[in-house]
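Here's target-v2.txt, which has compact mmCIF, C-alpha atoms and all ligand atoms:
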# COMPACT_ATOMS: atom_id res chain seq x y z
CA MET A 1 -61.24 -50.33 138.76
CA THR A 2 -64.89 -50.16 137.73
CA ASN A 3 -66.35 -47.08 136.13
CA ASP A 4 -68.20 -46.19 139.32
CA GLU A 5 -65.05 -46.39 141.36
CA PHE A 6 -63.36 -44.12 138.83
CA ILE A 7 -66.08 -41.52 139.18
CA SER A 8 -66.21 -41.65 142.96
CA THR A 9 -62.43 -41.54 143.38
CA ASP A 10 -61.73 -38.59 145.62
CA ILE A 11 -58.73 -36.96 144.01
CA ASP A 12 -58.47 -34.66 146.98
CA GLY A 13 -57.40 -37.71 148.95
CA ALA A 14 -56.16 -36.80 152.39
CA THR A 15 -56.55 -33.08 151.86
CA ASP A 16 -59.77 -31.08 152.12
CA THR A 17 -58.54 -28.48 149.65
CA PRO A 18 -60.76 -28.34 146.53
CA TRP A 19 -59.06 -29.28 143.26
CA PRO A 20 -59.29 -25.84 141.59
CA GLN A 21 -57.23 -24.37 144.41
CA ARG A 22 -54.72 -27.23 144.31
CA TYR A 23 -54.41 -26.72 140.56
CA ARG A 24 -53.97 -22.99 140.94
CA THR A 25 -51.28 -23.24 143.56
CA ALA A 26 -49.33 -26.17 142.09
CA MET A 27 -49.56 -25.57 138.34
CA MET A 28 -47.66 -22.89 136.42
CA GLY A 29 -49.80 -19.83 135.84
CA SER A 30 -49.34 -20.06 132.05
CA ALA A 31 -52.71 -21.71 131.36
CA PRO A 32 -56.23 -20.41 132.05
CA ALA A 33 -58.26 -22.01 134.87
CA PRO A 34 -59.55 -25.46 133.85
CA LEU A 35 -63.30 -25.85 133.33
CA ARG A 36 -63.83 -29.23 134.99
CA LEU A 37 -61.84 -32.08 136.53
CA LEU A 38 -62.22 -35.00 134.11
CA VAL A 39 -61.73 -38.53 135.34
CA ARG A 40 -62.92 -40.91 132.63
CA GLY A 41 -63.94 -41.15 129.00
CA GLU A 42 -65.66 -43.63 126.72
CA GLY A 43 -66.42 -43.13 123.05
CA ALA A 44 -67.51 -39.53 122.49
CA TYR A 45 -68.28 -38.97 126.19
CA VAL A 46 -66.26 -37.87 129.22
CA TRP A 47 -67.18 -37.74 132.91
CA ASP A 48 -66.09 -35.23 135.51
CA SER A 49 -65.23 -35.76 139.17
CA GLU A 50 -68.87 -35.11 140.15
CA GLY A 51 -70.05 -37.91 137.87
CA VAL A 52 -71.51 -35.51 135.27
CA ARG A 53 -71.35 -36.76 131.67
CA TYR A 54 -70.41 -34.54 128.72
CA LEU A 55 -70.64 -35.10 124.97
CA ASP A 56 -67.10 -34.27 123.86
CA PHE A 57 -67.22 -32.31 120.58
CA LEU A 58 -63.70 -30.98 121.00
CA ALA A 59 -61.85 -34.31 121.48
CA GLY A 60 -58.87 -32.77 123.26
CA ILE A 61 -58.68 -30.26 120.37
CA ALA A 62 -58.76 -32.71 117.47
CA VAL A 63 -56.62 -35.27 119.33
CA ASN A 64 -58.94 -38.12 120.43
CA ALA A 65 -59.62 -39.28 116.87
CA LEU A 66 -61.08 -42.58 118.08
CA GLY A 67 -62.81 -40.99 121.04
CA HIS A 68 -61.93 -42.07 124.57
CA ALA A 69 -60.72 -45.48 125.75
CA HIS A 70 -61.16 -47.05 122.31
CA PRO A 71 -60.50 -50.79 122.73
CA VAL A 72 -58.15 -50.93 119.71
CA LEU A 73 -55.95 -48.17 121.14
CA VAL A 74 -56.09 -49.56 124.69
CA GLU A 75 -55.07 -52.98 123.40
CA ALA A 76 -52.20 -51.64 121.27
CA VAL A 77 -50.74 -49.51 124.05
CA THR A 78 -51.12 -52.26 126.66
CA THR A 79 -49.48 -54.85 124.43
CA GLN A 80 -46.64 -52.54 123.42
CA ILE A 81 -45.81 -51.25 126.90
CA SER A 82 -45.71 -54.85 128.11
CA ALA A 83 -43.26 -55.74 125.33
CA ILE A 84 -40.99 -52.69 125.11
CA ALA A 85 -41.87 -49.03 125.64
CA HIS A 86 -38.73 -47.15 124.77
CA VAL A 87 -35.31 -47.61 123.23
CA SER A 88 -32.75 -44.97 122.32
CA ASN A 89 -32.22 -43.66 118.82
CA TYR A 90 -29.30 -46.08 118.60
CA PHE A 91 -31.93 -48.77 117.93
CA ALA A 92 -34.96 -49.26 115.70
CA THR A 93 -38.26 -50.93 116.61
CA PRO A 94 -40.90 -52.61 114.42
CA PRO A 95 -43.77 -50.16 115.17
CA GLN A 96 -41.55 -47.21 114.30
CA ILE A 97 -40.64 -48.58 110.87
CA GLU A 98 -44.24 -49.66 110.28
CA LEU A 99 -45.56 -46.19 111.08
CA ALA A 100 -43.03 -44.44 108.84
CA GLU A 101 -43.99 -46.75 105.97
CA ARG A 102 -47.69 -46.22 106.67
CA LEU A 103 -47.26 -42.44 106.64
CA ARG A 104 -45.42 -42.63 103.32
CA ARG A 105 -48.36 -44.56 101.92
CA ILE A 106 -51.26 -42.48 103.25
CA THR A 107 -49.62 -39.16 102.42
CA GLY A 108 -48.92 -40.38 98.89
CA ALA A 109 -45.23 -39.49 99.41
CA GLY A 110 -44.38 -43.08 98.47
CA ASP A 111 -40.81 -44.17 97.89
CA ARG A 112 -39.53 -40.60 97.96
CA GLY A 113 -41.07 -39.88 101.33
CA ARG A 114 -39.16 -39.72 104.63
CA VAL A 115 -40.46 -39.38 108.18
CA TYR A 116 -39.00 -37.69 111.27
CA PHE A 117 -40.66 -38.38 114.62
CA GLY A 118 -40.94 -35.94 117.54
CA ASN A 119 -43.41 -35.70 120.40
CA SER A 120 -45.72 -32.80 119.64
CA GLY A 121 -46.95 -30.43 117.01
CA ALA A 122 -44.46 -27.75 117.99
CA GLU A 123 -41.61 -30.21 117.56
CA ALA A 124 -42.84 -31.21 114.11
CA ILE A 125 -42.84 -27.51 113.21
CA GLU A 126 -39.36 -27.03 114.71
CA ALA A 127 -38.14 -29.81 112.43
CA ALA A 128 -39.83 -28.07 109.48
CA LEU A 129 -38.13 -24.79 110.34
CA LYS A 130 -34.73 -26.48 110.51
CA LEU A 131 -35.52 -28.17 107.19
CA SER A 132 -36.14 -24.75 105.64
CA ARG A 133 -32.65 -23.59 106.69
CA LEU A 134 -31.19 -26.43 104.63
CA ASN A 135 -32.87 -25.19 101.46
CA LYS A 136 -29.99 -23.58 99.54
CA GLY A 137 -28.90 -21.67 102.66
CA ARG A 138 -31.90 -19.35 102.46
CA LYS A 139 -33.13 -17.72 105.66
CA ARG A 140 -36.43 -16.03 104.76
CA VAL A 141 -39.62 -17.88 105.64
CA LEU A 142 -43.16 -16.77 104.84
CA ALA A 143 -46.01 -17.51 107.23
CA LEU A 144 -49.54 -16.17 107.56
CA ASN A 145 -51.06 -13.54 109.80
CA ASN A 146 -53.38 -15.05 112.42
CA SER A 147 -51.78 -18.49 111.99
CA PHE A 148 -50.94 -20.87 114.83
CA HIS A 149 -47.93 -23.19 114.71
CA GLY A 150 -47.09 -23.77 118.38
CA ARG A 151 -45.57 -22.19 121.49
CA THR A 152 -41.87 -23.07 121.43
CA MET A 153 -39.55 -20.26 120.32
CA GLY A 154 -39.25 -21.58 116.77
CA SER A 155 -42.89 -22.48 116.25
CA LEU A 156 -43.93 -19.24 117.96
CA SER A 157 -41.76 -17.36 115.48
CA LEU A 158 -43.98 -18.76 112.73
CA THR A 159 -47.22 -18.13 114.66
CA GLY A 160 -48.95 -15.02 113.35
CA LYS A 161 -50.63 -13.88 116.56
CA PRO A 162 -48.95 -10.86 118.18
CA ALA A 163 -50.73 -11.47 121.50
CA LEU A 164 -48.91 -14.80 121.88
CA ARG A 165 -45.56 -13.47 120.63
CA ASP A 166 -45.00 -10.02 122.06
CA ALA A 167 -43.66 -10.96 125.50
CA PHE A 168 -41.08 -13.30 123.94
CA GLU A 169 -39.45 -11.08 121.33
CA PRO A 170 -36.90 -11.20 119.86
CA LEU A 171 -37.95 -14.37 118.08
CA ILE A 172 -36.22 -16.07 115.15
CA PRO A 173 -35.35 -13.46 112.52
CA GLY A 174 -36.23 -13.77 108.84
CA ILE A 175 -39.83 -14.87 109.27
CA VAL A 176 -42.29 -12.62 107.43
CA HIS A 177 -46.02 -12.73 108.11
CA ILE A 178 -48.32 -11.99 105.22
CA ASP A 179 -52.08 -11.83 104.70
CA SER A 180 -53.83 -15.03 103.66
CA THR A 181 -54.48 -13.91 100.09
CA ILE A 182 -53.01 -15.03 96.79
CA ALA A 183 -52.11 -11.39 96.04
CA ALA A 184 -50.10 -11.08 99.27
CA LEU A 185 -48.24 -14.28 98.47
CA GLU A 186 -47.47 -13.15 94.91
CA ALA A 187 -46.11 -9.87 96.28
CA ALA A 188 -43.93 -11.46 98.99
CA ILE A 189 -42.38 -14.48 97.29
CA ASP A 190 -39.05 -14.30 95.48
CA ASP A 191 -35.84 -16.31 95.09
CA THR A 192 -34.69 -15.53 98.64
CA VAL A 193 -37.58 -17.42 100.28
CA ALA A 194 -36.62 -20.72 101.91
CA ALA A 195 -40.17 -21.85 102.64
CA LEU A 196 -43.82 -20.94 102.88
CA VAL A 197 -45.51 -22.44 105.96
CA VAL A 198 -49.33 -22.54 106.02
CA GLU A 199 -52.21 -24.34 107.69
CA PRO A 200 -54.66 -25.69 105.07
CA ILE A 201 -57.43 -24.57 107.46
CA LYS A 202 -56.56 -22.19 110.30
CA GLY A 203 -57.93 -24.06 113.30
CA GLU A 204 -56.94 -21.85 116.23
CA ALA A 205 -58.07 -18.78 114.30
CA GLY A 206 -61.62 -20.16 114.36
CA VAL A 207 -61.52 -22.67 111.49
CA ILE A 208 -60.79 -20.31 108.61
CA GLU A 209 -60.25 -21.80 105.18
CA LEU A 210 -57.65 -20.51 102.74
CA PRO A 211 -59.04 -18.64 99.73
CA GLU A 212 -60.16 -20.80 96.79
CA GLY A 213 -57.14 -21.92 94.75
CA TYR A 214 -54.58 -20.76 97.35
CA LEU A 215 -52.69 -24.02 97.73
CA LYS A 216 -52.52 -24.59 93.96
CA ARG A 217 -51.09 -21.11 93.43
CA ALA A 218 -48.77 -21.53 96.43
CA ARG A 219 -47.45 -24.74 94.88
CA GLU A 220 -46.81 -23.01 91.54
CA LEU A 221 -45.06 -20.03 93.14
CA THR A 222 -42.92 -21.99 95.62
CA THR A 223 -41.80 -24.35 92.83
CA LYS A 224 -40.98 -21.42 90.53
CA HIS A 225 -38.88 -19.69 93.23
CA GLY A 226 -37.23 -22.80 94.69
CA ALA A 227 -38.98 -22.41 98.06
CA LEU A 228 -40.36 -25.29 100.09
CA LEU A 229 -44.12 -25.56 100.53
CA ILE A 230 -44.58 -26.77 104.11
CA LEU A 231 -48.08 -27.48 105.39
CA ASP A 232 -49.05 -27.52 109.04
CA GLU A 233 -51.54 -30.42 109.07
CA ILE A 234 -51.33 -30.79 112.84
CA GLN A 235 -55.03 -30.01 113.32
CA THR A 236 -56.33 -30.82 109.82
CA GLY A 237 -54.58 -34.18 109.38
CA VAL A 238 -55.39 -37.86 109.88
CA GLY A 239 -58.85 -37.93 108.36
CA ARG A 240 -60.42 -35.00 110.16
CA THR A 241 -61.22 -32.88 107.11
CA GLY A 242 -62.52 -35.76 104.99
CA ALA A 243 -59.21 -36.88 103.48
CA TRP A 244 -56.18 -38.39 105.18
CA PHE A 245 -54.59 -34.95 104.90
CA SER A 246 -56.20 -31.69 103.90
CA PHE A 247 -53.73 -30.98 101.07
CA GLN A 248 -55.06 -34.04 99.25
CA ARG A 249 -58.40 -32.27 98.82
CA ALA A 250 -56.57 -29.45 97.02
CA GLY A 251 -54.88 -31.85 94.58
CA ILE A 252 -51.34 -30.64 95.23
CA VAL A 253 -48.16 -32.26 96.55
CA PRO A 254 -46.28 -30.26 99.24
CA ASP A 255 -42.59 -30.58 100.13
CA ALA A 256 -43.32 -31.38 103.75
CA ILE A 257 -46.18 -31.69 106.21
CA ALA A 258 -46.18 -31.46 110.00
CA VAL A 259 -48.60 -33.79 111.79
CA ALA A 260 -49.38 -34.45 115.46
CA LYS A 261 -52.62 -34.11 117.47
CA GLY A 262 -54.90 -36.92 116.25
CA ILE A 263 -52.27 -39.27 114.88
CA ALA A 264 -51.94 -41.44 118.02
CA GLY A 265 -55.35 -40.66 119.52
CA GLY A 266 -53.99 -39.03 122.67
CA VAL A 267 -50.54 -40.55 123.06
CA PRO A 268 -48.06 -37.70 122.44
CA ILE A 269 -46.36 -37.83 119.05
CA GLY A 270 -45.51 -35.50 116.19
CA ALA A 271 -43.98 -36.08 112.80
CA LEU A 272 -42.52 -34.25 109.86
CA ILE A 273 -43.06 -36.01 106.55
CA THR A 274 -41.07 -34.90 103.51
CA PHE A 275 -41.85 -35.47 99.85
CA GLY A 276 -39.47 -35.78 96.89
CA GLU A 277 -36.19 -33.87 96.98
CA ALA A 278 -36.94 -32.33 100.38
CA SER A 279 -36.38 -35.84 101.74
CA ASP A 280 -32.65 -35.46 101.04
CA LEU A 281 -32.10 -32.23 102.99
CA PHE A 282 -31.38 -33.48 106.53
CA ALA A 283 -27.95 -35.08 106.87
CA THR A 284 -26.97 -37.60 109.54
CA GLY A 285 -26.79 -36.02 112.99
CA GLN A 286 -28.61 -32.80 112.12
CA HIS A 287 -31.75 -33.44 114.15
CA GLY A 288 -33.08 -35.81 116.78
CA SER A 289 -35.21 -36.40 119.85
CA THR A 290 -34.97 -38.78 122.80
CA PHE A 291 -38.61 -39.84 122.86
CA GLY A 292 -39.35 -39.22 119.19
CA GLY A 293 -40.66 -42.31 117.42
CA ASN A 294 -40.50 -44.55 120.47
CA PRO A 295 -42.29 -47.90 120.15
CA LEU A 296 -45.10 -46.95 122.56
CA ALA A 297 -46.16 -43.83 120.66
CA THR A 298 -45.69 -45.35 117.22
CA ALA A 299 -47.63 -48.50 118.16
CA ALA A 300 -50.46 -46.23 119.34
CA ALA A 301 -50.37 -44.33 116.03
CA ASN A 302 -50.38 -47.55 114.00
CA ALA A 303 -53.48 -48.66 115.90
CA VAL A 304 -55.25 -45.33 115.39
CA LEU A 305 -54.42 -45.05 111.69
CA GLY A 306 -55.29 -48.70 111.13
CA GLU A 307 -58.68 -48.23 112.80
CA ILE A 308 -59.41 -45.04 110.85
CA GLU A 309 -58.79 -47.02 107.68
CA SER A 310 -60.60 -50.26 108.53
CA ALA A 311 -63.62 -48.60 110.15
CA GLY A 312 -64.07 -46.10 107.30
CA LEU A 313 -63.73 -43.13 109.63
CA ILE A 314 -62.66 -40.70 106.90
CA GLU A 315 -65.94 -41.35 105.08
CA ASN A 316 -67.69 -41.01 108.44
CA ALA A 317 -66.04 -37.61 108.96
CA VAL A 318 -67.41 -36.46 105.59
CA GLN A 319 -70.91 -37.75 106.30
CA ARG A 320 -71.20 -36.61 109.93
CA GLY A 321 -69.64 -33.26 109.10
CA ALA A 322 -72.29 -32.70 106.42
CA GLU A 323 -75.06 -33.72 108.83
CA ILE A 324 -73.81 -31.35 111.54
CA ARG A 325 -73.46 -28.50 109.05
CA ALA A 326 -76.98 -29.09 107.71
CA GLY A 327 -78.33 -29.36 111.26
CA ILE A 328 -76.81 -26.03 112.30
CA GLU A 329 -77.95 -24.29 109.12
CA ALA A 330 -81.49 -25.63 109.55
CA LEU A 331 -81.73 -23.86 112.93
CA ASN A 332 -81.87 -20.54 111.07
CA SER A 333 -80.54 -18.89 114.21
CA PRO A 334 -79.96 -15.14 113.92
CA LEU A 335 -76.74 -15.74 115.92
CA VAL A 336 -75.22 -18.02 113.27
CA ALA A 337 -73.60 -16.20 110.35
CA GLU A 338 -71.92 -19.17 108.66
CA VAL A 339 -70.51 -22.66 109.10
CA ARG A 340 -66.89 -23.01 107.95
CA GLY A 341 -64.39 -25.83 107.60
CA ALA A 342 -64.46 -29.37 106.25
CA GLY A 343 -65.34 -32.83 107.54
CA LEU A 344 -65.28 -32.82 111.33
CA LEU A 345 -63.27 -29.63 111.75
CA LEU A 346 -66.01 -27.02 111.77
CA GLY A 347 -66.18 -23.36 112.74
CA ILE A 348 -69.47 -21.66 113.49
CA GLY A 349 -69.16 -17.95 112.72
CA LEU A 350 -71.41 -15.84 114.93
CA THR A 351 -73.11 -12.52 114.23
CA GLU A 352 -72.33 -11.30 117.76
CA PRO A 353 -69.30 -11.73 120.08
CA VAL A 354 -71.00 -14.34 122.29
CA ALA A 355 -68.91 -17.46 121.59
CA HIS A 356 -67.69 -17.76 125.17
CA ARG A 357 -71.22 -17.40 126.54
CA ILE A 358 -72.43 -20.14 124.18
CA SER A 359 -69.61 -22.56 125.04
CA THR A 360 -70.11 -21.95 128.78
CA LYS A 361 -73.85 -22.58 128.46
CA ALA A 362 -73.21 -25.73 126.38
CA LEU A 363 -70.86 -27.06 129.07
CA GLU A 364 -73.55 -26.53 131.71
CA LEU A 365 -75.90 -28.51 129.46
CA GLY A 366 -73.41 -31.37 129.03
CA LEU A 367 -71.66 -30.51 125.74
CA ILE A 368 -68.00 -29.63 125.24
CA ILE A 369 -67.37 -27.18 122.39
CA ASN A 370 -64.74 -24.46 122.08
CA ALA A 371 -64.88 -20.69 121.70
CA ALA A 372 -61.85 -20.20 119.44
CA ASN A 373 -62.43 -16.44 119.68
CA ASP A 374 -65.32 -14.07 120.51
CA THR A 375 -67.19 -14.76 117.27
CA SER A 376 -66.20 -18.37 116.47
CA ILE A 377 -67.25 -21.68 117.94
CA ARG A 378 -64.97 -24.56 116.97
CA ILE A 379 -66.03 -28.18 117.00
CA ALA A 380 -63.72 -31.13 116.38
CA PRO A 381 -65.52 -34.26 117.62
CA PRO A 382 -64.01 -37.75 117.55
CA LEU A 383 -64.18 -39.32 114.08
CA ILE A 384 -66.27 -42.20 115.48
CA ILE A 385 -69.46 -40.23 116.14
CA GLY A 386 -72.77 -41.61 114.84
CA ASP A 387 -76.44 -40.61 114.59
CA ALA A 388 -77.00 -40.38 118.35
CA GLU A 389 -74.07 -38.03 118.97
CA VAL A 390 -74.99 -35.77 116.04
CA ALA A 391 -78.60 -35.52 117.25
CA GLU A 392 -77.53 -34.83 120.84
CA PHE A 393 -75.09 -32.16 119.69
CA ILE A 394 -77.77 -30.36 117.66
CA ALA A 395 -80.25 -30.54 120.56
CA ILE A 396 -77.86 -29.12 123.16
CA PHE A 397 -76.32 -26.58 120.80
CA THR A 398 -79.82 -25.32 119.96
CA GLN A 399 -80.56 -24.85 123.67
CA ALA A 400 -77.25 -23.06 124.22
CA LEU A 401 -77.98 -20.68 121.32
CA GLU A 402 -81.50 -20.01 122.59
CA ALA A 403 -80.23 -19.33 126.10
CA THR A 404 -77.73 -16.83 124.70
CA SER A 405 -79.92 -14.84 122.31
C1 LIG B 501 -51.98 -27.65 118.08
C2 LIG B 501 -51.27 -27.07 116.91
C3 LIG B 501 -49.89 -26.87 116.91
C4 LIG B 501 -49.02 -27.13 118.12
O1 LIG B 501 -49.06 -28.45 118.53
P1 LIG B 501 -48.57 -28.82 120.02
O2 LIG B 501 -48.68 -30.32 120.07
O3 LIG B 501 -49.47 -28.12 120.97
O4 LIG B 501 -47.18 -28.35 120.16
C5 LIG B 501 -49.31 -26.38 115.77
N1 LIG B 501 -50.04 -26.09 114.68
C6 LIG B 501 -51.38 -26.29 114.63
C7 LIG B 501 -52.13 -25.99 113.39
C8 LIG B 501 -52.03 -26.78 115.75
O5 LIG B 501 -53.35 -26.94 115.73

Now, as a test, write the supplied structure out as structure tokens.
Ligand SMILES: *Cc1c(COP(=O)(O)O)cnc(C)c1O
Amino acid sequence: MTNDEFISTDIDGATDTPWPQRYRTAMMGSAPAPLRLLVRGEGAYVWDSEGVRYLDFLAGIAVNALGHAHPVLVEAVTTQISAIAHVSNYFATPPQIELAERLRRITGAGDRGRVYFGNSGAEAIEAALKLSRLNKGRKRVLALNNSFHGRTMGSLSLTGKPALRDAFEPLIPGIVHIDSTIAALEAAIDDTVAALVVEPIKGEAGVIELPEGYLKRARELTTKHGALLILDEIQTGVGRTGAWFSFQRAGIVPDAIAVAKGIAGGVPIGALITFGEASDLFATGQHGSTFGGNPLATAAANAVLGEIESAGLIENAVQRGAEIRAGIEALNSPLVAEVRGAGLLLGIGLTEPVAHRISTKALELGLIINAANDTSIRIAPPLIIGDAEVAEFIAIFTQALEATS
């Protein structure tokens, strides 16, 4: 199919019913109404069913690390699905072993690292929660207020957002939410704590960094009290914040990290990676997943991680992130209070609760950004962006700000 055919494809087919109505009547009412019907992507751009092009500075929420339809990813998936797409956990496949070894290397976990594969961020967190139960039989887990760890019952139990949780109580007992301060951690931790679970940067909360020195202190305290330090790197991982994983910027070694989102560039996958002694906790038969680690998803991840490495995309994330930050700050807009985050995971803190108006205006002008909450714009563009995309982002974002103030 050519690109033009893609764009002109009438998804309504034989029916005259417009797609929003078909979506509304056929899809579960758990998600908000979609903004556009997207039919194609290339690089940092996507096209909707009307043929309108958008600069994608959200990348499927930090998922499309290589942008859309990257030839390396297309080639890897095509080759793998033609060879073998799935086997059961009774068998191993080469891409699965290769990816586990690669993750041991890029996390720095090395010979004492072990990898568990699932299919999503929530599943990586579920595995982490089960891991915590194996730590000396302890049942208390510390997590942060305003954190996000997923929507399944276990990952929701760790999520520190009452609005997402309330309808589903009772959740898993023993999980205590604390403020994101070193003082709150010092007050809460003791020898009954199985694990501390934190995001190095709180993405869903609007890209909020931990206080200076938090992870170092968390490492000291969890080690002292025999608790696991588990990091949710689902949004911050695979190069996005200017290191393979965000914890590496803090100079600490965790006991486990959960990864997903960007790791296979859009093919669903999640992983829990353990370090050191935590690698010995799971015993044979204690956890598993039908799809987890299948050759299709792991081949996709190998391609994405290989491309990030060979194309220098971590360095690009540092450079482009700095350019975007400088560009936003140079606007001197009275609406912009601050720019938060690292690399290409950036939060724009606003002085007024107009984030949704700005993101709506930007979309009308051909730019996809995200209002994480009323006062925060989140951007998480593909790691492949260059000069042209940065300049176009600044131009459209400027217009969206001006139209809002
Ligand atoms: C997206 C996200 C999750 C959940 O991942 P899913 O793949 O949606 O289950 C968990 N934690 C963080 C930090 C995330 O950004």

Which neighbours of range 166-177 of chain A fall inside 9 Å, counting all atoms listed in the file, when residues of the same chain fewer than 2 positions from it are skipped, and could you give them as a compact mmCIF listing (two decimals) with C-alpha atoms, keeping the file's coordinate frame?
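Wrote selection04.txt, looks like this:
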# COMPACT_ATOMS: atom_id res chain seq x y z
CA LYS A 139 -33.13 -17.72 105.66
CA ARG A 140 -36.43 -16.03 104.76
CA VAL A 141 -39.62 -17.88 105.64
CA LEU A 142 -43.16 -16.77 104.84
CA ALA A 143 -46.01 -17.51 107.23
CA LEU A 144 -49.54 -16.17 107.56
CA ASN A 145 -51.06 -13.54 109.80
CA ASN A 146 -53.38 -15.05 112.42
CA MET A 153 -39.55 -20.26 120.32
CA GLY A 154 -39.25 -21.58 116.77
CA LEU A 156 -43.93 -19.24 117.96
CA SER A 157 -41.76 -17.36 115.48
CA LEU A 158 -43.98 -18.76 112.73
CA THR A 159 -47.22 -18.13 114.66
CA GLY A 160 -48.95 -15.02 113.35
CA LYS A 161 -50.63 -13.88 116.56
CA PRO A 162 -48.95 -10.86 118.18
CA ALA A 163 -50.73 -11.47 121.50
CA LEU A 164 -48.91 -14.80 121.88
CA ASP A 179 -52.08 -11.83 104.70
CA ALA A 188 -43.93 -11.46 98.99

Checklist entry - Of the residues A:Val267, A:Ala322, A:Ile394, A:Ile379, which is the one nearest to Leu296 in chain A, using all atoms listed in the file? => result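 Of A:Val267, A:Ala322, A:Ile394, A:Ile379, the one nearest Leu296 in chain A is A:Val267, counting all atoms listed in the file.
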
Next on the checklist: Within 8 Å of ligand LIG 501 (chain B) (counting only C-alpha atoms and all ligand atoms), which residues show up? I'd like them as a list in words.
Outcome noted: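 So the residues close to ligand LIG 501 (chain B) are Ile61, Asn119, Ser120, Gly121, Ala122, Glu123, Ala124, Ile125, Ser147, Phe148, His149, Gly150, Arg151, Thr152, Ser155, Glu199, Lys202, Gly203, Glu204, Asp232, Glu233, Ile234, Gln235, Thr236, Ala260, Lys261, Pro268, Ile269 and Gly270 of chain A.
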
Checklist entry - For the atom pair CA of Glu323 in chain A and CA of Ala342 in chain A, what is the interatomic distance in Å to one decimal place? => result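 Here the two named atoms are 11.7 Å from each other.
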
Next on the checklist: Report, in Å to a single decimal, how far apart CA of Phe247 in chain A and CA of Thr298 in chain A are.
Outcome noted: 23.1 Å

Checklist entry - Could you name the residues that touch Ala395 in chain A at 12 Å or less, counting only C-alpha atoms, but leaving out those on the same chain fewer than 3 positions away, as a list in words? => result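 Non-adjacent residues within range: Leu55, Ile324, Gly327, Ile328, Leu331, Ala362, Leu365, Gly366, Leu367, Ala388, Glu389, Val390, Ala391, Glu392, Thr398, Gln399, Ala400, Leu401 and Glu402 of chain A.
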
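Shortest separation to Val259 in chain A among A:Glu126, A:Glu186, A:Glu277, A:Glu307 occurs at residue A:Glu126, atoms counted being all atoms listed in the file.
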
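Distance-wise, CA of Ile201 in chain A and CA of Gly276 in chain A end up 23.7 Å apart.
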
Checklist entry - Using only C-alpha atoms, which residue out of A:Arg24, A:His86, A:Arg53, A:Arg217 lies closest to Glu364 in chain A? => result A:Arg53

With all atoms listed in the file as the counted atoms, please give the residues lying no more than 8 Å from Ser279 in chain A, apart from itself and same-chain residues fewer than 2 positions off, as a PDB file with C-alpha atoms, in the frame of the given file.
ATOM      1  CA  ARG A 112     -39.530 -40.600  97.960  1.00  0.00           C
ATOM      2  CA  GLY A 113     -41.070 -39.880 101.330  1.00  0.00           C
ATOM      3  CA  ARG A 114     -39.160 -39.720 104.630  1.00  0.00           C
ATOM      4  CA  THR A 274     -41.070 -34.900 103.510  1.00  0.00           C
ATOM      5  CA  PHE A 275     -41.850 -35.470  99.850  1.00  0.00           C
ATOM      6  CA  GLY A 276     -39.470 -35.780  96.890  1.00  0.00           C
ATOM      7  CA  GLU A 277     -36.190 -33.870  96.980  1.00  0.00           C
ATOM      8  CA  LEU A 281     -32.100 -32.230 102.990  1.00  0.00           C
ATOM      9  CA  PHE A 282     -31.380 -33.480 106.530  1.00  0.00           C
TER      10      PHE A 282
END

Item to check | Shortest interatomic distance to Val87 in chain A - which of A:Gly110, A:Ser289, A:Gly343, A:Leu383, counting only C-alpha atoms | outcome: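 Selected residue with least distance to Val87 in chain A: A:Ser289.
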
Item to check | Minimum-distance residue to Glu209 in chain A, chosen among A:Gly341, A:Gly51, A:Gly321, A:Pro254 (using all atoms listed in the file) | outcome: A:Gly341

Item to check | Best match for closeness to Thr360 in chain A among A:Phe397, A:Arg325, A:Arg320, A:Gly288, counting all atoms listed in the file | outcome: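 That would be A:Phe397, the residue with the smallest distance to Thr360 in chain A.
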
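By chain and then residue number, the residues within 10 Å of Leu66 in chain A are Glu42, Gly43, Ala44, Ala59, Pro71, Val72, Leu73, Gly262, Ile263, Ala264, Gly265, Gly266, Ala303, Val304, Leu305, Glu307, Ile308, Leu313, Pro381, Pro382, Leu383, Ile384 and Ile385 of chain A, counting all atoms listed in the file and disregarding those fewer than 5 positions away in sequence.
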
Once 3 Å is added on each side, what are the centre and the three edge lengths, in Å to one decimal, of the axis-aligned box enclosing the listed atoms of range 228-238 of chain A? Present them as JSON.
{"center_x": -48.3, "center_y": -31.6, "center_z": 106.7, "size_x": 22.0, "size_y": 18.6, "size_z": 19.2}

Atoms are missing here; could range 37-41 of chain A be completed with N, CA and C atoms and written as a CSV table (one decimal), in the coordinates of the input?
chain,number,residue,atom,x,y,z
A,37,LEU,N,-62.8,-31.0,136.2
A,37,LEU,CA,-61.8,-32.1,136.5
A,37,LEU,C,-62.4,-33.4,135.9
A,38,LEU,N,-61.7,-33.8,134.8
A,38,LEU,CA,-62.2,-35.0,134.1
A,38,LEU,C,-61.5,-36.3,134.6
A,39,VAL,N,-62.3,-37.3,134.8
A,39,VAL,CA,-61.7,-38.5,135.3
A,39,VAL,C,-61.8,-39.8,134.4
A,40,ARG,N,-62.7,-39.7,133.4
A,40,ARG,CA,-62.9,-40.9,132.6
A,40,ARG,C,-63.5,-40.5,131.3
A,41,GLY,N,-63.3,-41.4,130.3
A,41,GLY,CA,-63.9,-41.2,129.0
A,41,GLY,C,-64.3,-42.5,128.3
